[in-house]
Amino acid sequence: MTRIPIVDYLVLEPEPHLRAHECTHCGARYFGRRNACASCGGRSFTDTDVATEGEVEAFTIVSFAAPGIPVPFVAAIVDCDGTTVQGNLLEVEPSPEHVHLGMKVRLATASLGEDANGDEGITFGFAPIDQGSAS
Amino acid sequence: MSDDVFILGINMTKFGKHPDKDTTDLGAEAALAALDDGGVTIRDIDVIGAGNLLGGPGGFGQMLQKQIGQTGVPVYNVQNACATGATALRTAIMAIKAGEAQMGLAVGVEKLSGAGLLAGGTAKDDDGTWTPSGRYGAITGTDGRIGTVTMPGTFAQIGMQYLHEHAYSGAEFELFARISQKNHAHSTLNPLATYTEELSLEQIMGDFMVAYPNTRPMCSANCDGAAAAVVVSGEKLRTLSAEQQARAVKVRASVLTSDPWAEGCQVLPDVNTLTRRAAAQAYEAAGVGPEDLDLVELHDCFATAELVHYDNLGLCEPGGAVDFFESGAPYRDGSTPVNVSGGLQSKGHPVSATGIANIWEVCHHLRGEAGPRQIEGARLGLAHVIGLGSACGVHILEAPAAA
């Protein structure tokens, strides 16, 4: 059985993390295939690992979504040490009492289930960092 | 130096459900009424800017011509998301400024009743295996699995991001709901709005939560509608009647921008930078400042969006959008009335019509023709629209000298 990431910028080994394409000229970071740099027009990129911990700078709790998407879920914009990342919040109650701006989160993964070949799809999101159990 | 451009005639249809009219019917209704309002005919028009997104294949502008007059003039069919109407108008204005036309017609129309949620991706067809495809090598639909790209969720995050950046510590849900309450209260005076009911804070906050903190009445209403404008050069206007000249609204600024690159803008759309740029360009072109405005129609596609645009349009001090709202300034009896039409949350948002309908609202006040919702003595107004992706249109308009 192989584990297959939901998107190619999610790298599962050795530890799950996101990988961005970074413009070698201006340092702008992108997810997804590039044709050129939208910031400076540069055409050369290098792969760079994105910090796996960050801070929630915006969120919404979505209760009306495409078919097959369990609702409600928390969608968030996370500042991962200067790189902006989008993802769902995992391991948290989808209610305003449990989510707040500025909360510290870490990258986490979850299973999408197995396909016909028995391969497992893996998605990612961000889970709250439990400050109390950090030790 | 190029001549001034004026809005000679303008119209918006009733926004709401029009099951008996198709896209062309609605567009024709607005276009013919705009021509009548300007005291001209389709034979006076040198260029047409036509905006429509969802009417299907084929040029909407040509379909319109086949109903109201096939005069052989150039038609520019434009699409720019929710800024499509403003883009159609700007296209006609550019043709006049370029000296290629003396008079132009811009039309925007959409049939959206019952369209539901826009731009929410559906899950990808599943052939039974996890197979990467597309620009992100995705093995399934990512909307809802990797955050959200639905409009209510996107704009919810945009509003929340603003609060985070400015360390807001109050009750965020209630704050945004009160902005919506203001616009719904304004809508009671607008007979052309889709919804004209005043809503209590409890009604707004207790309604169906679409994407926290936006409940259903805090989202723009999908509806049918059209708007159209006739624009004319100053040179041509001077040859028209005194009555026409007395109602012509001067276009002091007409600006369209797209979003410049900023960190994170391809993750969460940046609707701020391009609005700030458009506003700065418009104020400079008009030689006025935000303090000179008597009313503003801004793109409140969601309650969370209205807040950020107070700041983006310079209506308040940088970072001061919450204080600006709390001061009462954007209420119709405040110092800078915002969305006295009821805004998109109550007036409705027939996407391609919106960028002309907001200009109609401003013109209506500048001509002193807004009836019970008239902002008394309005001389200068601003209309703003955002199309996600993004495009931003800003127009600054000045009352006729005689009004």
# chains A, B, ... in the order shown; residues from 1 in each chain; ligands from 1
>>> residues_around(residues="Gln70 of chain B", least_positions_apart="4", cutoff="12 Å", atoms="only C-alpha atoms", output="list in words")
Ile42, Arg43, Ile45, Asp46, Val47, Ile48, Gly61, Gln62, Met63, Leu64, Gln65, Lys66, Pro74 and Val75 of chain B
>>> write_last_selection(atoms="C-alpha atoms", output="compact mmCIF listing (two decimals), in the first residue's frame")
# COMPACT_ATOMS: atom_id res chain seq x y z
CA ILE B 42 -29.23 53.53 -30.39
CA ARG B 43 -28.35 55.37 -33.63
CA ILE B 45 -24.22 55.22 -30.03
CA ASP B 46 -20.72 54.73 -31.46
CA VAL B 47 -19.53 51.86 -29.28
CA ILE B 48 -21.01 49.24 -26.96
CA GLY B 61 -23.66 42.42 -26.91
CA GLN B 62 -24.66 41.16 -30.35
CA MET B 63 -27.74 39.43 -28.94
CA LEU B 64 -28.67 42.76 -27.41
CA GLN B 65 -28.13 44.58 -30.71
CA LYS B 66 -30.47 42.15 -32.45
CA PRO B 74 -18.09 47.88 -32.50
CA VAL B 75 -19.18 45.74 -29.58
>>> residues_around(residues="Pro5 of chain A", least_positions_apart="3", cutoff="9 Å", atoms="only C-alpha atoms", output="PDB file with all heavy atoms, in the first residue's frame")
ATOM      1  N   ASP A   8       0.601  17.715  -4.708  1.00  0.00           N
ATOM      2  CA  ASP A   8       2.021  17.395  -4.833  1.00  0.00           C
ATOM      3  C   ASP A   8       2.914  18.257  -3.946  1.00  0.00           C
ATOM      4  O   ASP A   8       4.096  17.973  -3.797  1.00  0.00           O
ATOM      5  CB  ASP A   8       2.479  17.437  -6.298  1.00  0.00           C
ATOM      6  CG  ASP A   8       2.272  18.788  -6.958  1.00  0.00           C
ATOM      7  OD1 ASP A   8       2.044  19.795  -6.243  1.00  0.00           O
ATOM      8  OD2 ASP A   8       2.320  18.852  -8.209  1.00  0.00           O
ATOM      9  N   TYR A   9       2.342  19.306  -3.339  1.00  0.00           N
ATOM     10  CA  TYR A   9       3.185  20.114  -2.440  1.00  0.00           C
ATOM     11  C   TYR A   9       3.147  19.614  -1.005  1.00  0.00           C
ATOM     12  O   TYR A   9       3.788  20.173  -0.129  1.00  0.00           O
ATOM     13  CB  TYR A   9       2.861  21.601  -2.549  1.00  0.00           C
ATOM     14  CG  TYR A   9       1.466  22.054  -2.171  1.00  0.00           C
ATOM     15  CD1 TYR A   9       1.147  22.347  -0.845  1.00  0.00           C
ATOM     16  CD2 TYR A   9       0.487  22.233  -3.142  1.00  0.00           C
ATOM     17  CE1 TYR A   9      -0.126  22.797  -0.498  1.00  0.00           C
ATOM     18  CE2 TYR A   9      -0.785  22.675  -2.807  1.00  0.00           C
ATOM     19  CZ  TYR A   9      -1.083  22.957  -1.485  1.00  0.00           C
ATOM     20  OH  TYR A   9      -2.332  23.400  -1.144  1.00  0.00           O
ATOM     21  N   LEU A  10       2.393  18.541  -0.765  1.00  0.00           N
ATOM     22  CA  LEU A  10       2.449  17.868   0.529  1.00  0.00           C
ATOM     23  C   LEU A  10       3.450  16.723   0.416  1.00  0.00           C
ATOM     24  O   LEU A  10       3.281  15.816  -0.404  1.00  0.00           O
ATOM     25  CB  LEU A  10       1.068  17.321   0.915  1.00  0.00           C
ATOM     26  CG  LEU A  10       1.023  16.397   2.134  1.00  0.00           C
ATOM     27  CD1 LEU A  10       1.480  17.113   3.406  1.00  0.00           C
ATOM     28  CD2 LEU A  10      -0.380  15.802   2.325  1.00  0.00           C
ATOM     29  N   VAL A  11       4.497  16.795   1.193  1.00  0.00           N
ATOM     30  CA  VAL A  11       5.536  15.758   1.193  1.00  0.00           C
ATOM     31  C   VAL A  11       5.383  14.947   2.476  1.00  0.00           C
ATOM     32  O   VAL A  11       5.347  15.525   3.570  1.00  0.00           O
ATOM     33  CB  VAL A  11       6.947  16.394   1.134  1.00  0.00           C
ATOM     34  CG1 VAL A  11       8.020  15.317   1.118  1.00  0.00           C
ATOM     35  CG2 VAL A  11       7.060  17.282  -0.099  1.00  0.00           C
ATOM     36  N   LEU A  12       5.267  13.635   2.346  1.00  0.00           N
ATOM     37  CA  LEU A  12       4.942  12.806   3.517  1.00  0.00           C
ATOM     38  C   LEU A  12       6.178  12.294   4.262  1.00  0.00           C
ATOM     39  O   LEU A  12       6.106  12.018   5.461  1.00  0.00           O
ATOM     40  CB  LEU A  12       4.062  11.624   3.084  1.00  0.00           C
ATOM     41  CG  LEU A  12       2.693  12.036   2.509  1.00  0.00           C
ATOM     42  CD1 LEU A  12       1.954  10.814   1.985  1.00  0.00           C
ATOM     43  CD2 LEU A  12       1.862  12.756   3.562  1.00  0.00           C
ATOM     44  N   GLU A 120      -3.599   4.633  -0.121  1.00  0.00           N
ATOM     45  CA  GLU A 120      -4.282   5.535   0.803  1.00  0.00           C
ATOM     46  C   GLU A 120      -4.029   6.997   0.441  1.00  0.00           C
ATOM     47  O   GLU A 120      -2.874   7.412   0.313  1.00  0.00           O
ATOM     48  CB  GLU A 120      -3.791   5.266   2.235  1.00  0.00           C
ATOM     49  CG  GLU A 120      -4.541   6.087   3.287  1.00  0.00           C
ATOM     50  CD  GLU A 120      -4.019   5.860   4.696  1.00  0.00           C
ATOM     51  OE1 GLU A 120      -2.845   5.443   4.830  1.00  0.00           O
ATOM     52  OE2 GLU A 120      -4.779   6.107   5.651  1.00  0.00           O
ATOM     53  N   GLY A 121      -5.085   7.767   0.268  1.00  0.00           N
ATOM     54  CA  GLY A 121      -4.947   9.211   0.049  1.00  0.00           C
ATOM     55  C   GLY A 121      -4.742   9.906   1.387  1.00  0.00           C
ATOM     56  O   GLY A 121      -5.393   9.562   2.371  1.00  0.00           O
ATOM     57  N   ILE A 122      -3.817  10.857   1.404  1.00  0.00           N
ATOM     58  CA  ILE A 122      -3.505  11.570   2.648  1.00  0.00           C
ATOM     59  C   ILE A 122      -3.711  13.072   2.433  1.00  0.00           C
ATOM     60  O   ILE A 122      -3.132  13.655   1.521  1.00  0.00           O
ATOM     61  CB  ILE A 122      -2.039  11.337   3.080  1.00  0.00           C
ATOM     62  CG1 ILE A 122      -1.737   9.844   3.240  1.00  0.00           C
ATOM     63  CG2 ILE A 122      -1.728  12.122   4.365  1.00  0.00           C
ATOM     64  CD1 ILE A 122      -2.406   9.184   4.428  1.00  0.00           C
ATOM     65  N   THR A 123      -4.546  13.662   3.262  1.00  0.00           N
ATOM     66  CA  THR A 123      -4.719  15.105   3.197  1.00  0.00           C
ATOM     67  C   THR A 123      -3.979  15.742   4.374  1.00  0.00           C
ATOM     68  O   THR A 123      -3.461  15.037   5.254  1.00  0.00           O
ATOM     69  CB  THR A 123      -6.208  15.504   3.204  1.00  0.00           C
ATOM     70  OG1 THR A 123      -6.310  16.920   2.952  1.00  0.00           O
ATOM     71  CG2 THR A 123      -6.863  15.190   4.542  1.00  0.00           C
ATOM     72  N   PHE A 124      -3.903  17.056   4.354  1.00  0.00           N
ATOM     73  CA  PHE A 124      -3.249  17.751   5.462  1.00  0.00           C
ATOM     74  C   PHE A 124      -4.151  18.867   5.970  1.00  0.00           C
ATOM     75  O   PHE A 124      -5.102  19.283   5.307  1.00  0.00           O
ATOM     76  CB  PHE A 124      -1.883  18.337   5.057  1.00  0.00           C
ATOM     77  CG  PHE A 124      -2.003  19.581   4.204  1.00  0.00           C
ATOM     78  CD1 PHE A 124      -2.021  20.851   4.776  1.00  0.00           C
ATOM     79  CD2 PHE A 124      -2.124  19.491   2.819  1.00  0.00           C
ATOM     80  CE1 PHE A 124      -2.147  21.995   3.993  1.00  0.00           C
ATOM     81  CE2 PHE A 124      -2.257  20.620   2.033  1.00  0.00           C
ATOM     82  CZ  PHE A 124      -2.264  21.881   2.623  1.00  0.00           C
TER      83      PHE A 124
ATOM     84  N   TRP B 130      -6.560   7.144  -6.669  1.00  0.00           N
ATOM     85  CA  TRP B 130      -6.000   8.459  -6.343  1.00  0.00           C
ATOM     86  C   TRP B 130      -4.981   8.810  -7.412  1.00  0.00           C
ATOM     87  O   TRP B 130      -3.872   8.299  -7.395  1.00  0.00           O
ATOM     88  CB  TRP B 130      -5.342   8.433  -4.963  1.00  0.00           C
ATOM     89  CG  TRP B 130      -6.262   8.127  -3.806  1.00  0.00           C
ATOM     90  CD1 TRP B 130      -6.104   7.111  -2.913  1.00  0.00           C
ATOM     91  CD2 TRP B 130      -7.407   8.861  -3.372  1.00  0.00           C
ATOM     92  NE1 TRP B 130      -7.107   7.157  -1.963  1.00  0.00           N
ATOM     93  CE2 TRP B 130      -7.914   8.228  -2.217  1.00  0.00           C
ATOM     94  CE3 TRP B 130      -8.067   9.996  -3.857  1.00  0.00           C
ATOM     95  CZ2 TRP B 130      -9.043   8.677  -1.537  1.00  0.00           C
ATOM     96  CZ3 TRP B 130      -9.180  10.448  -3.182  1.00  0.00           C
ATOM     97  CH2 TRP B 130      -9.664   9.794  -2.037  1.00  0.00           C
ATOM     98  N   PRO B 132      -2.979  11.875  -9.328  1.00  0.00           N
ATOM     99  CA  PRO B 132      -2.691  13.318  -9.328  1.00  0.00           C
ATOM    100  C   PRO B 132      -2.960  13.946 -10.688  1.00  0.00           C
ATOM    101  O   PRO B 132      -2.646  13.353 -11.717  1.00  0.00           O
ATOM    102  CB  PRO B 132      -1.191  13.383  -9.009  1.00  0.00           C
ATOM    103  CG  PRO B 132      -0.862  12.066  -8.388  1.00  0.00           C
ATOM    104  CD  PRO B 132      -1.792  11.068  -9.033  1.00  0.00           C
ATOM    105  N   GLY B 137      -1.236  18.894  -8.772  1.00  0.00           N
ATOM    106  CA  GLY B 137      -1.118  17.450  -8.640  1.00  0.00           C
ATOM    107  C   GLY B 137      -2.124  16.889  -7.656  1.00  0.00           C
ATOM    108  O   GLY B 137      -1.830  15.989  -6.862  1.00  0.00           O
ATOM    109  N   ALA B 138      -3.356  17.402  -7.694  1.00  0.00           N
ATOM    110  CA  ALA B 138      -4.368  17.018  -6.718  1.00  0.00           C
ATOM    111  C   ALA B 138      -5.005  15.685  -7.095  1.00  0.00           C
ATOM    112  O   ALA B 138      -5.256  15.400  -8.266  1.00  0.00           O
ATOM    113  CB  ALA B 138      -5.437  18.100  -6.630  1.00  0.00           C
ATOM    114  N   ILE B 139      -5.274  14.866  -6.073  1.00  0.00           N
ATOM    115  CA  ILE B 139      -5.887  13.562  -6.325  1.00  0.00           C
ATOM    116  C   ILE B 139      -7.402  13.600  -6.131  1.00  0.00           C
ATOM    117  O   ILE B 139      -8.091  12.633  -6.410  1.00  0.00           O
ATOM    118  CB  ILE B 139      -5.273  12.475  -5.411  1.00  0.00           C
ATOM    119  CG1 ILE B 139      -5.514  12.801  -3.929  1.00  0.00           C
ATOM    120  CG2 ILE B 139      -3.790  12.311  -5.711  1.00  0.00           C
ATOM    121  CD1 ILE B 139      -5.092  11.692  -2.981  1.00  0.00           C
TER     122      ILE B 139
END
>>> select_by_dssp(residues="segment 72-180 of chain B", states="helix (DSSP H, G or I)", output="JSON, numbers by chain")
{"B": [84, 85, 86, 87, 88, 89, 90, 91, 92, 93, 94, 95, 96, 97, 151, 152, 153, 154, 155, 156, 157, 158, 159, 160, 161, 162, 163, 164, 165, 172, 173, 174, 175, 176, 177, 178, 179, 180]}
>>> write_last_selection(atoms="N, CA, C and O atoms", output="compact mmCIF listing (two decimals), in the first residue's frame")
# COMPACT_ATOMS: atom_id res chain seq x y z
N THR B 84 -17.43 43.06 -13.90
CA THR B 84 -17.74 43.04 -15.33
C THR B 84 -18.49 44.30 -15.77
O THR B 84 -18.18 44.89 -16.81
N GLY B 85 -19.46 44.74 -15.00
CA GLY B 85 -20.24 45.92 -15.38
C GLY B 85 -19.37 47.16 -15.43
O GLY B 85 -19.44 47.96 -16.38
N ALA B 86 -18.53 47.33 -14.42
CA ALA B 86 -17.63 48.48 -14.38
C ALA B 86 -16.64 48.41 -15.55
O ALA B 86 -16.24 49.44 -16.10
N THR B 87 -16.26 47.20 -15.92
CA THR B 87 -15.33 47.02 -17.04
C THR B 87 -15.99 47.39 -18.36
O THR B 87 -15.38 48.03 -19.22
N ALA B 88 -17.26 47.02 -18.51
CA ALA B 88 -17.99 47.40 -19.72
C ALA B 88 -18.10 48.92 -19.82
O ALA B 88 -17.89 49.52 -20.88
N LEU B 89 -18.39 49.55 -18.69
CA LEU B 89 -18.51 51.00 -18.67
C LEU B 89 -17.17 51.66 -18.99
O LEU B 89 -17.08 52.59 -19.78
N ARG B 90 -16.13 51.12 -18.36
CA ARG B 90 -14.80 51.69 -18.57
C ARG B 90 -14.36 51.52 -20.03
O ARG B 90 -13.66 52.37 -20.57
N THR B 91 -14.77 50.43 -20.64
CA THR B 91 -14.43 50.20 -22.06
C THR B 91 -15.04 51.30 -22.92
O THR B 91 -14.38 51.86 -23.81
N ALA B 92 -16.30 51.63 -22.65
CA ALA B 92 -16.96 52.70 -23.42
C ALA B 92 -16.28 54.04 -23.14
O ALA B 92 -16.07 54.85 -24.05
N ILE B 93 -15.92 54.27 -21.87
CA ILE B 93 -15.26 55.53 -21.50
C ILE B 93 -13.89 55.63 -22.20
O ILE B 93 -13.52 56.69 -22.72
N MET B 94 -13.17 54.52 -22.24
CA MET B 94 -11.85 54.54 -22.90
C MET B 94 -11.99 54.85 -24.38
O MET B 94 -11.15 55.56 -24.95
N ALA B 95 -13.03 54.30 -25.00
CA ALA B 95 -13.23 54.56 -26.44
C ALA B 95 -13.46 56.05 -26.68
O ALA B 95 -12.96 56.62 -27.65
N ILE B 96 -14.19 56.69 -25.76
CA ILE B 96 -14.43 58.14 -25.89
C ILE B 96 -13.13 58.91 -25.63
O ILE B 96 -12.76 59.80 -26.39
N LYS B 97 -12.43 58.49 -24.57
CA LYS B 97 -11.18 59.20 -24.25
C LYS B 97 -10.15 59.04 -25.36
O LYS B 97 -9.30 59.91 -25.57
N MET B 151 -17.16 31.65 -2.13
CA MET B 151 -17.17 33.11 -1.92
C MET B 151 -17.46 33.50 -0.46
O MET B 151 -16.75 34.32 0.11
N PRO B 152 -18.51 32.92 0.16
CA PRO B 152 -18.77 33.35 1.55
C PRO B 152 -17.59 33.05 2.48
O PRO B 152 -17.27 33.86 3.36
N GLY B 153 -16.94 31.91 2.27
CA GLY B 153 -15.80 31.55 3.11
C GLY B 153 -14.58 32.41 2.84
O GLY B 153 -13.86 32.82 3.74
N THR B 154 -14.35 32.68 1.56
CA THR B 154 -13.20 33.51 1.19
C THR B 154 -13.33 34.91 1.80
O THR B 154 -12.41 35.42 2.44
N PHE B 155 -14.49 35.52 1.62
CA PHE B 155 -14.66 36.87 2.14
C PHE B 155 -14.80 36.90 3.66
O PHE B 155 -14.47 37.90 4.29
N ALA B 156 -15.26 35.79 4.24
CA ALA B 156 -15.25 35.69 5.70
C ALA B 156 -13.81 35.80 6.20
O ALA B 156 -13.50 36.54 7.14
N GLN B 157 -12.92 35.06 5.55
CA GLN B 157 -11.52 35.09 5.97
C GLN B 157 -10.89 36.45 5.74
O GLN B 157 -10.06 36.91 6.54
N ILE B 158 -11.29 37.12 4.66
CA ILE B 158 -10.75 38.45 4.38
C ILE B 158 -11.12 39.41 5.52
O ILE B 158 -10.30 40.21 5.97
N GLY B 159 -12.36 39.34 5.97
CA GLY B 159 -12.78 40.21 7.08
C GLY B 159 -12.09 39.84 8.38
O GLY B 159 -11.66 40.71 9.15
N MET B 160 -11.96 38.53 8.63
CA MET B 160 -11.32 38.07 9.86
C MET B 160 -9.83 38.44 9.86
O MET B 160 -9.26 38.81 10.89
N GLN B 161 -9.22 38.35 8.69
CA GLN B 161 -7.80 38.71 8.58
C GLN B 161 -7.59 40.18 8.97
O GLN B 161 -6.62 40.52 9.65
N TYR B 162 -8.52 41.03 8.54
CA TYR B 162 -8.41 42.45 8.90
C TYR B 162 -8.47 42.63 10.41
O TYR B 162 -7.69 43.39 11.00
N LEU B 163 -9.42 41.92 11.04
CA LEU B 163 -9.54 42.04 12.50
C LEU B 163 -8.27 41.55 13.19
O LEU B 163 -7.81 42.13 14.18
N HIS B 164 -7.70 40.47 12.66
CA HIS B 164 -6.47 39.93 13.26
C HIS B 164 -5.31 40.92 13.11
O HIS B 164 -4.57 41.19 14.06
N GLU B 165 -5.20 41.50 11.92
CA GLU B 165 -4.11 42.44 11.67
C GLU B 165 -4.19 43.65 12.59
O GLU B 165 -3.18 44.26 12.92
N GLU B 172 -16.67 39.72 17.20
CA GLU B 172 -16.53 39.82 15.75
C GLU B 172 -17.83 39.51 15.01
O GLU B 172 -18.19 40.20 14.06
N PHE B 173 -18.51 38.47 15.42
CA PHE B 173 -19.75 38.08 14.73
C PHE B 173 -20.76 39.22 14.79
O PHE B 173 -21.35 39.62 13.79
N GLU B 174 -20.92 39.80 15.97
CA GLU B 174 -21.90 40.87 16.13
C GLU B 174 -21.49 42.11 15.34
O GLU B 174 -22.33 42.79 14.75
N LEU B 175 -20.21 42.40 15.31
CA LEU B 175 -19.73 43.56 14.55
C LEU B 175 -20.15 43.44 13.09
O LEU B 175 -20.74 44.38 12.52
N PHE B 176 -19.85 42.31 12.48
CA PHE B 176 -20.19 42.14 11.06
C PHE B 176 -21.71 42.12 10.86
O PHE B 176 -22.22 42.62 9.86
N ALA B 177 -22.42 41.52 11.81
CA ALA B 177 -23.89 41.48 11.70
C ALA B 177 -24.48 42.88 11.75
O ALA B 177 -25.47 43.19 11.07
N ARG B 178 -23.87 43.77 12.55
CA ARG B 178 -24.38 45.14 12.62
C ARG B 178 -24.15 45.90 11.32
O ARG B 178 -24.93 46.77 10.93
N ILE B 179 -23.03 45.59 10.64
CA ILE B 179 -22.81 46.21 9.32
C ILE B 179 -23.93 45.79 8.37
O ILE B 179 -24.49 46.60 7.62
N SER B 180 -24.28 44.51 8.42
CA SER B 180 -25.36 44.01 7.58
C SER B 180 -26.69 44.65 7.97
O SER B 180 -27.50 45.01 7.11
>>> closest_atom_pairs(of="segment 236-332 of chain B", to="segment 359-378 of chain B", cutoff="10 Å", atoms="only C-alpha atoms", output="Markdown table")
| residue | atom | partner | partner_atom | distance |
| --- | --- | --- | --- | --- |
| B:Ala246 | CA | B:Arg367 | CA | 8.7 |
| B:Arg247 | CA | B:Arg367 | CA | 6.2 |
| B:Ala248 | CA | B:Arg367 | CA | 8.2 |
| B:Val249 | CA | B:Cys363 | CA | 6.6 |
| B:Lys250 | CA | B:Cys363 | CA | 9.4 |
| B:Leu293 | CA | B:Ala378 | CA | 8.3 |
| B:Asp294 | CA | B:Ala378 | CA | 5.3 |
| B:Leu295 | CA | B:Ala378 | CA | 7.2 |
| B:Val296 | CA | B:Val362 | CA | 7.5 |
| B:Glu297 | CA | B:Val362 | CA | 7.1 |
| B:Arg332 | CA | B:Ile375 | CA | 7.5 |
>>> write_last_selection(atoms="N, CA and C atoms", output="PDB file, in the first residue's frame")
ATOM      1  N   ALA B 246     -28.153  69.472 -18.210  1.00  0.00           N
ATOM      2  CA  ALA B 246     -28.441  69.737 -16.795  1.00  0.00           C
ATOM      3  C   ALA B 246     -28.503  68.457 -15.958  1.00  0.00           C
ATOM      4  N   ARG B 247     -28.627  67.307 -16.633  1.00  0.00           N
ATOM      5  CA  ARG B 247     -28.684  66.056 -15.885  1.00  0.00           C
ATOM      6  C   ARG B 247     -27.430  65.202 -16.100  1.00  0.00           C
ATOM      7  N   ALA B 248     -26.491  65.712 -16.862  1.00  0.00           N
ATOM      8  CA  ALA B 248     -25.290  64.912 -17.151  1.00  0.00           C
ATOM      9  C   ALA B 248     -24.341  64.902 -15.950  1.00  0.00           C
ATOM     10  N   VAL B 249     -23.969  63.711 -15.552  1.00  0.00           N
ATOM     11  CA  VAL B 249     -23.075  63.534 -14.395  1.00  0.00           C
ATOM     12  C   VAL B 249     -21.642  63.385 -14.902  1.00  0.00           C
ATOM     13  N   LYS B 250     -20.758  64.209 -14.356  1.00  0.00           N
ATOM     14  CA  LYS B 250     -19.369  64.167 -14.838  1.00  0.00           C
ATOM     15  C   LYS B 250     -18.611  62.988 -14.211  1.00  0.00           C
ATOM     16  N   LEU B 293     -16.267  63.186  -0.305  1.00  0.00           N
ATOM     17  CA  LEU B 293     -17.359  62.365  -0.838  1.00  0.00           C
ATOM     18  C   LEU B 293     -18.637  62.539  -0.025  1.00  0.00           C
ATOM     19  N   ASP B 294     -19.748  62.652  -0.735  1.00  0.00           N
ATOM     20  CA  ASP B 294     -21.046  62.756  -0.073  1.00  0.00           C
ATOM     21  C   ASP B 294     -21.726  61.406   0.086  1.00  0.00           C
ATOM     22  N   LEU B 295     -21.351  60.456  -0.754  1.00  0.00           N
ATOM     23  CA  LEU B 295     -21.836  59.086  -0.577  1.00  0.00           C
ATOM     24  C   LEU B 295     -20.927  58.115  -1.312  1.00  0.00           C
ATOM     25  N   VAL B 296     -20.942  56.876  -0.828  1.00  0.00           N
ATOM     26  CA  VAL B 296     -20.105  55.820  -1.391  1.00  0.00           C
ATOM     27  C   VAL B 296     -20.945  54.563  -1.546  1.00  0.00           C
ATOM     28  N   GLU B 297     -20.880  53.967  -2.731  1.00  0.00           N
ATOM     29  CA  GLU B 297     -21.433  52.630  -2.922  1.00  0.00           C
ATOM     30  C   GLU B 297     -20.229  51.706  -3.066  1.00  0.00           C
ATOM     31  N   ARG B 332     -26.773  56.284   6.723  1.00  0.00           N
ATOM     32  CA  ARG B 332     -27.227  57.295   5.757  1.00  0.00           C
ATOM     33  C   ARG B 332     -27.292  58.692   6.358  1.00  0.00           C
TER      34      ARG B 332
END
>>> residues_around(residues="Cys265 of chain B", least_positions_apart="2", cutoff="12 Å", atoms="only C-alpha atoms", output="MDAnalysis selection string")
(chainID A and resid 28:31 38:39 77 83:86) or (chainID B and resid 154 158 258:263 267:274 388:390)
>>> interface_residues(of="chain A", to="chain B", cutoff="6 Å", atoms="only C-alpha atoms", output="PyMOL selection string")
chain A and resi 6-8+32-33+39+57-64+66+75+84+86-88+115-116
>>> closest_residue(among="B:Thr275, B:Gln67, B:Asn77, B:Ser346", to="Pro191 of chain B", atoms="only C-alpha atoms")
B:Ser346
